[in-house]
Amino acid sequence: MKNSLLFILIIFSSLGFLHAQEIEVTGKTTDLSGEILPGVNLLIKGTTKGAVSDFDGNYTIDVPADGTLVFSYLGYADLEVAVNSRNTIDIALEEAAEMLTETIVIGSRGASRTKLNTPVPVDVINIKQDAINMPQQDLSQMLAASAPSFTAFTSGGGDLSSFVSQPSLRGLAASQMLVLVNGKRRHTSAILAANQTGTAGPGVDMKFIPSVGVDRIEILRDGASAQYGSDAIAGVINMVMKKGTGEFTGSLTAGAYTNKPGYDDSSLTADERDLTRSLDGWDGQNFQFDGNYGVGFENGGYFNASIMVAQSERTVRPTVLSLDRAPLYDNLYLTNGRTETNGAPIITNPELIAAQASGDAGLISSLQTVEGLMAARDIEQIDVSTYSGLPAKTNMSFAFNMETPLTETSNFYAFGDVGYQYSDAYSCFYRRAAQADRTSYDLYPNGFRPQIYNDQYNISLATGITGMIGDYEFDLSNTFGTNSTQYGMFNTWNASIGTGSPTDMDLGTHSFLQNTVNLDASHFYEDILSGLNVAFGGELRFENYIIQAGQEESWTAGDAGIITATEDNQALVGPDGFPLEDLSGTPYVDDLGNPLVLEYAGASQQLVKNYALNCQCFRGFAPENEGNSWRSVMAAYLDMELDVTEDFLISGAVRVENYSDFGNVMTGKLAGRYAIGDNFSLRGSFSSGFRAPSLQELNYSHSFTFFVDLVPFDGTLYPNSSSAAKAIGVGALTEERSRNYSLGFTSKIGDFDITVDAYKIDIFDRIFTTGNFDSSQAPVLDPIIGSGLASFRINGGDISTQGVEAVVNYNTRLGDGKLGVILAGTFRENKFEGVNLPDLNTELSDEELADNYVSRSLIGQFETGTPSAKVIGTVNYSIGKFSAMLRGTRFGSVQTRDNTIRTLVPEGTQGYADQWFSPEFTTDIGLTYKFNDTVSLTVGGNNVFNEYPEILRYELRGFNLYSQYQQGSAGAYYFGRLTFTL
Amino acid sequence: MKTYKTIILIISISLGILSCEQERLDPVLTTAEGGGTLNTYYAYTLDSTDPMGDNVYGRVVFYKTTLDQTLVQISLYNTDEAVSYPALVIDGAVGTEMTTSMTFDNIDGATGEFTESKFYVIADTAFYDSIMDLDAHVNIYMPSDDSIVASGNIGMNADPVETN
């Protein structure tokens with residue numbers, strides 16, 4: 001790691017030598033009334049080199065004496081000024097007729113358009129401008145805070161899920177949204193992570209891209225598979241990286257969570273209220289350094305580099321249950337009644353022995369109670385509770401973006417990043433000492449809390465050439481990306497191999513690699529009506545997914561609980577001559593009450609202690625789970641945009657893709673926009689789309705093990721290519737197909753800009769995971785799984801989502817400052833349309849099979865697991881050296897649906913423990929004071945009023961105390977940030 | 001050049017601040033000394049005095065703890081669940097019923113083990129290592145008539161039936 005940092009420093013240092021000597025031009029940027037305009041973009045015409053004016057409207061740029069500067073600013077018309085060897089150029093920009101003149105490249109292969117001129121809804125999150133006042137630093141969290149269509153679920157637990165914060169759009173899965181960087185497909189994480197829409201899937205892990213290197217993020221809220229290929233069902237986001245900024249920007253951020261329970265504890269039982277408290281005050285302390293530097297080359301090229309180093313500590317949100325419900329010790333433990341496999345006693349309560357030795361009758365009595373022994377050991381129930389919370393993380397990443405001319409008509413470009421992350425997370429219930437099958441007095445006298453961790457390495461590199469061939473612009477590129485994740489677990493052991501078990505285990509490694517070659521060509525025919533853009537191209541993509549097994553102790557079944565006879569007719573008795581006992585203290589005796597006898601030395605065996613197998617609590621990936629799979633994808637597309645008139649745009653695209661593992665897919669799209677006057681336009685689109693099953697979904701396999709008598713059996717999630725899948729009749733996974741409809745309008749009324757879009761997405765053959773099947777339910781599985789269990793991934797059903805998204809922008813001057821208000825909301829309904837039940841080889845009735853095929857809780861998670869409404873209101877105000885951001889977010893209600901009929905509390909009736917969670921409202925704030933041109937200080941926080949979601953109902957309280965699907969359960973977060981500009 | 005030095009300085013300081021190791025949550029290991037598996041012991045047979053009658057028999061085991069205490073365990077078969085049997089250590093070999101050197105807790109007839117606790121605790125840390133030199137035996141009595149229902153030599157009067 002030290003070498004890597006040194007390398008990065010050397011790169012930063014050496015950039016200076018590339019800087020050319022030119023004349024320095026300084027000046028001030030204002031509007032026509034003389035008001036200062038901070039943040040005006042400058043570009044040297046004909047190059048990609050530029051600068052930005054500061055808070056006071058001042059700018060400095062090195063420029064050829066005979067060059068031309070192009071000034072642009074949101075809401076103002078562009079202005080070109082010849083330098084003519086002048087060293088000072090003050091300019092005044094004229095307000096544009098249309099406020100939102102940011103040009104957008106996503107969703108179109110033709111000329112860039114403004115937000116109000118696109119035929120489909122596009123949001124632009126100006127990361128470069130907004131980041132300074134935002135509490136969020138991770139790009140996915142920034143998106144979720146800025147755009148209501150986004151959610152970015154961070155699991156407070158879950159085996160593999162805490163390691164990825166994957167954004168998703170329109171209430172669909174993260175895998176149903178395509179992520180581009182500079183217009184090129186970004187590879188996904190190797191991790192199949194759970195998400196709030198119900199089924200685990202791969203998503204792009206955005207934290208490996210330093211947010212400081214991102215100029216803006218364009219969000220296309222519409223299906224675009226016909227333009228970009230697989231995954232673009234809910235939409236597409238494109239991260240546009242910074243170019244030649246001509247300055248160094250760095251920031252150092254520190255923050256923490258207050259960790260003060262802000263919930264209504266009336267839902268807790270009296271015991272739980274007594275035992276629950278905040279643990280250890282402020283937590284989740286985090287520090288992050290971001291740095292970005294960009295330089296322009298004399299030839300018009302640029303190089304921009306970013307670095308991000310972050311460290312965050314865990315948050316702890318314990319789920320404290322009553323002593324009756326989760327006693328730390330059982331009676332055998334309290335009375336020293338535990339024995340080893342050979343019958344040797346285990347003294348688990350030495351405090352009791354000491355009390356007996358002293359003859360203190362009161363203490364002897366007290367120490368044989370859970371409360372008494374916990375008090376003697378100074379242990380509170382909260383210390384030994386199940387913990388949920390944000391994982392501890394260490395992140396580092398380095399990114400760059402460059403372009404340089406090759407010839408008069410061609411450029412070479414490259415961008416990429418390399419990153420590392422360590423993370424340890426909560427994923428396991430607390431293993432109480434009372435649970436004799438999985439605890440060890442020698443290793444963990446009071447139980448233990450296994451924690452999963454991982455080391456991730458991520459690399460991305462895109463290189464390409466743009467230029468002209470005849471009349472056509474072309475772009476030939478290669479984009480490589482890989483993510484490798486090694487899982488481990490600490491504070492654990494494999495009880496079945498005894499106390500010699502390691503307590504920190506390698507669980508295995510997953511890696512995903514993707515390499516994409518693109519050739520795109522386009523030409524704009526100015527003389528066909530009001531302009532026709534024709535684009536076409538092809539894509540060749542290779543993908544590889546590997547699962548490597550973990551260390552043997554993590555998945556093996558040991559024999560620590562088994563006695564093998566060492567002599568013929570060996571009686572199973574302990575040192576005390578009494579029969580050996582199982583884990584609950586029940587003796588092994590025959591019908592007459594005599595100790596069992598093992599007949600044959602070396603052959604006869606008895607499972608005496610049914611110790612839990614494998615690594616607690618996640619079985620390592622075993623040799624049978626290993627895989628190394630490849631596939632290739634070929635695609636071709638044609639994309640046209642026709643300006644029939646100045647006011648009427650129509651566009652269409654068609655794309656064909658061939659997957660080596662499941663065949664061909666053809667998609668198409670039609671979109672149009674019609675302007676009525678200068679301030680109103682209608683727009684709409686219809687498209688078909690698809691999402692290919694990822695290699696992760698096609699090949700992921702994992703098992704858990706359980707005992708039946710002496711024999712361990714596996715419950716396995718089988719790949720669809722397995723013999724088990726073939727036997728029961730589960731076919732190969734196919735693509736999810738979609739139909740997208742979108743209709744909306746854009747309008748400008750005074751200082752208000754309004755976009756309203758309604759949409760409907762039908763998705764066919766959505767991928768789900770079945771429940772477990774056993775051999776009694778599916779006898780055909782018996783030769784394969786025996787007494788084990790099998791589950792599968794399936795194209796289980798059709799789903800749909802429909803809704804309305806509205807965005808209102810208001811920009812004006814207030815006093816001497818600038819006021820910007822954004823109100824954005826999304827209102828949607830997700831619906832599971834029905835199960836696609838194939839003719840499976842089972843003994844189950846259709847109804848039973850359907851329930852196990854796509855479970856009630858999975859359906860519920862999709863339909864109501866994310867807020868059906870989310871509204872975000874943001875106010876930005878800047879005046880002089882101050883700028884401020886105030887943001888309120890309303891999360892609509894969500895519902896958890898139970899999958900088990902159980903006794904409900906307090907009703908006492910049988911039923912599902914479903915639960916509605918009321919809407920939540922959180923407030924974020926950021927305040928910046930600029931001391932001088934170099935240093936700014938920002939303070940603020942998110943969820944500053946410490947709003948926690950509602951507590952889970954009694955039956956569902958186990959791992960989590962709160963719902964995870966609204967604002968999360970981290971509570972209030974405050975931060976301070978120093979920003980440097982050099 | 002000064003700018004680049006400043007940049008490198010800022011980066012270096014920032015990385016220094018961030019270069020701390022992540023601390024993992026430790027398990028709660030609080031417990032008194034003396035716990036763990038009892039692997040050092042002497043086990044002696046207690047024979048029935050009436051094999052054809054009540055036939056109460058079993059073992060007495062002396063375990064050594066890691067604190068050198070001695071834990072005594074008695075396990076009897078065929079006890080009457082309604083009876084609480086006294087258990088004594090008597091000087092001399094079986095048949096020499098003169099001096100009681102130690103009185104254990106009573107045996108619960110329902111379980112065949114000590115009534116109060118699984119183990120009787122001998123706090124004397126020298127006791128365990130002196131067991132082999134002990135001239136004694138253990139008697140189990142029927143409380144109704146003080147008759148001996150089971151008995152077994154220990155220490156120098158018998159070889160342990162099992163030891164470790």
# chains A, B, ... in the order shown; residues from 1 in each chain; ligands from 1
$ interface_residues --of "chain B" --to "chain A" --cutoff "6 Å" --atoms "only C-alpha atoms" --output "list in words"
Pro27, Leu29, Thr30, Thr31, Ala32, Gly34, Gly35, Gly36, Thr37, Leu38, Arg59, Val121 and Ala123 of chain B
$ residues_around --residues "A:Lys243" --least-positions-apart "2" --cutoff "8 Å" --atoms "only C-alpha atoms" --output "count of residues only"
12
$ closest_atom_pairs --of "stretch 65-94 of chain B" --to "stretch 144-160 of chain B" --cutoff "8 Å" --atoms "only C-alpha atoms" --output "tab-separated table"
residue	atom	partner	partner_atom	distance
B:Gly92	CA	B:Asn157	CA	7.9
B:Ala93	CA	B:Asn153	CA	5.9
B:Val94	CA	B:Asn153	CA	5.9
$ write_last_selection --atoms "N, CA and C atoms" --output "compact mmCIF listing (two decimals), in the first residue's frame"
# COMPACT_ATOMS: atom_id res chain seq x y z
N GLY B 92 -9.43 -45.28 56.56
CA GLY B 92 -9.16 -46.71 56.45
C GLY B 92 -9.84 -47.32 55.25
N ALA B 93 -9.59 -48.60 55.06
CA ALA B 93 -10.17 -49.31 53.94
C ALA B 93 -11.60 -49.71 54.26
N VAL B 94 -12.30 -50.14 53.23
CA VAL B 94 -13.68 -50.59 53.40
C VAL B 94 -13.72 -51.63 54.52
$ closest_residue --among "A:Ile452, A:Val25, A:Ile785, A:Leu927" --to "A:Met489" --atoms "only C-alpha atoms"
A:Ile452
$ select_by_dssp --residues "stretch 491-733 of chain A" --states "strand (DSSP E or B)" --output "PyMOL selection string"
chain A and resi 504-525+532-549+562-564+570-571+573+579+581+587+589+595+597-598+605-607+627-643+648-659+663-675+680-691+702-708+711-718
$ residues_around --residues "B:Ser75" --least-positions-apart "6" --cutoff "12 Å" --atoms "only C-alpha atoms" --output "NGL selection string"
(:A and (573-579)) or (:B and (43-47 or 56-62 or 85 or 87 or 106-115 or 118-119 or 140 or 150))
$ closest_residue --among "B:Ile90, B:Val161, B:Met102, B:Ile11" --to "B:Val138" --atoms "only C-alpha atoms"
B:Ile90
$ residues_around --residues "A:Tyr588" --least-positions-apart "5" --cutoff "10 Å" --atoms "only C-alpha atoms" --output "count of residues only"
14
$ select_by_dssp --residues "stretch 471-650 of chain A" --states "helix (DSSP H, G or I)" --output "PyMOL selection string"
chain A and resi 495-497+552-554+623-625
$ write_last_selection --atoms "N, CA and C atoms" --output "PDB file, in the first residue's frame"
ATOM      1  N   ALA A 495     -17.537 -25.406  15.207  1.00  0.00           N
ATOM      2  CA  ALA A 495     -17.717 -26.205  16.427  1.00  0.00           C
ATOM      3  C   ALA A 495     -17.483 -27.690  16.166  1.00  0.00           C
ATOM      4  N   SER A 496     -17.759 -28.134  14.953  1.00  0.00           N
ATOM      5  CA  SER A 496     -17.662 -29.569  14.688  1.00  0.00           C
ATOM      6  C   SER A 496     -16.219 -30.065  14.624  1.00  0.00           C
ATOM      7  N   ILE A 497     -15.257 -29.159  14.551  1.00  0.00           N
ATOM      8  CA  ILE A 497     -13.869 -29.626  14.576  1.00  0.00           C
ATOM      9  C   ILE A 497     -13.193 -29.286  15.903  1.00  0.00           C
ATOM     10  N   GLU A 552     -10.515 -25.022   4.268  1.00  0.00           N
ATOM     11  CA  GLU A 552     -11.314 -26.219   4.514  1.00  0.00           C
ATOM     12  C   GLU A 552     -12.132 -26.113   5.805  1.00  0.00           C
ATOM     13  N   GLU A 553     -11.527 -25.544   6.844  1.00  0.00           N
ATOM     14  CA  GLU A 553     -12.250 -25.468   8.118  1.00  0.00           C
ATOM     15  C   GLU A 553     -13.529 -24.644   8.008  1.00  0.00           C
ATOM     16  N   SER A 554     -13.626 -23.817   6.983  1.00  0.00           N
ATOM     17  CA  SER A 554     -14.807 -22.962   6.873  1.00  0.00           C
ATOM     18  C   SER A 554     -16.008 -23.713   6.308  1.00  0.00           C
ATOM     19  N   PRO A 623     -15.543 -26.571  -2.346  1.00  0.00           N
ATOM     20  CA  PRO A 623     -15.175 -26.977  -3.701  1.00  0.00           C
ATOM     21  C   PRO A 623     -16.375 -27.185  -4.616  1.00  0.00           C
ATOM     22  N   GLU A 624     -17.499 -27.686  -4.049  1.00  0.00           N
ATOM     23  CA  GLU A 624     -18.666 -27.905  -4.920  1.00  0.00           C
ATOM     24  C   GLU A 624     -19.301 -26.592  -5.369  1.00  0.00           C
ATOM     25  N   ASN A 625     -18.959 -25.488  -4.722  1.00  0.00           N
ATOM     26  CA  ASN A 625     -19.485 -24.186  -5.129  1.00  0.00           C
ATOM     27  C   ASN A 625     -18.578 -23.484  -6.132  1.00  0.00           C
TER      28      ASN A 625
END
$ decode --residues "stretch 70-91 of chain B" --atoms "N, CA and C atoms" --output "compact mmCIF listing (two decimals), in the first residue's frame"
# COMPACT_ATOMS: atom_id res chain seq x y z
N THR B 70 -10.35 -29.28 44.30
CA THR B 70 -10.81 -30.63 43.96
C THR B 70 -12.34 -30.62 43.92
N LEU B 71 -12.87 -31.08 42.82
CA LEU B 71 -14.33 -31.19 42.69
C LEU B 71 -14.69 -32.67 42.75
N VAL B 72 -15.61 -32.99 43.62
CA VAL B 72 -16.02 -34.39 43.81
C VAL B 72 -17.37 -34.60 43.14
N GLN B 73 -17.45 -35.68 42.41
CA GLN B 73 -18.72 -36.03 41.77
C GLN B 73 -19.06 -37.47 42.13
N ILE B 74 -20.26 -37.72 42.56
CA ILE B 74 -20.71 -39.09 42.82
C ILE B 74 -21.88 -39.39 41.90
N SER B 75 -21.84 -40.54 41.28
CA SER B 75 -22.88 -40.94 40.34
C SER B 75 -23.32 -42.35 40.69
N LEU B 76 -24.58 -42.50 41.08
CA LEU B 76 -25.07 -43.80 41.55
C LEU B 76 -26.23 -44.28 40.70
N TYR B 77 -26.22 -45.56 40.42
CA TYR B 77 -27.34 -46.21 39.75
C TYR B 77 -28.27 -46.81 40.82
N ASN B 78 -29.51 -46.99 40.46
CA ASN B 78 -30.51 -47.75 41.25
C ASN B 78 -30.85 -47.11 42.59
N THR B 79 -30.70 -45.81 42.69
CA THR B 79 -31.10 -45.14 43.93
C THR B 79 -32.61 -44.96 43.95
N ASP B 80 -33.14 -44.87 45.17
CA ASP B 80 -34.58 -44.67 45.36
C ASP B 80 -34.87 -43.18 45.28
N GLU B 81 -35.74 -42.81 44.38
CA GLU B 81 -35.94 -41.37 44.14
C GLU B 81 -36.50 -40.64 45.34
N ALA B 82 -37.02 -41.35 46.28
CA ALA B 82 -37.59 -40.69 47.46
C ALA B 82 -36.57 -40.53 48.58
N VAL B 83 -35.36 -41.00 48.35
CA VAL B 83 -34.38 -41.04 49.43
C VAL B 83 -33.25 -40.05 49.16
N SER B 84 -32.77 -39.44 50.23
CA SER B 84 -31.58 -38.59 50.16
C SER B 84 -30.47 -39.30 50.91
N TYR B 85 -29.47 -39.76 50.21
CA TYR B 85 -28.44 -40.64 50.78
C TYR B 85 -27.24 -39.83 51.29
N PRO B 86 -26.87 -39.97 52.56
CA PRO B 86 -25.63 -39.36 53.03
C PRO B 86 -24.43 -40.03 52.38
N ALA B 87 -23.35 -39.25 52.13
CA ALA B 87 -22.12 -39.78 51.54
C ALA B 87 -20.95 -39.28 52.36
N LEU B 88 -20.17 -40.21 52.88
CA LEU B 88 -19.07 -39.84 53.78
C LEU B 88 -17.76 -40.45 53.32
N VAL B 89 -16.67 -39.77 53.68
CA VAL B 89 -15.34 -40.33 53.52
C VAL B 89 -14.91 -40.84 54.90
N ILE B 90 -14.58 -42.10 54.95
CA ILE B 90 -14.22 -42.74 56.21
C ILE B 90 -12.76 -43.16 56.15
N ASP B 91 -12.07 -42.93 57.23
CA ASP B 91 -10.67 -43.34 57.28
C ASP B 91 -10.55 -44.86 57.17
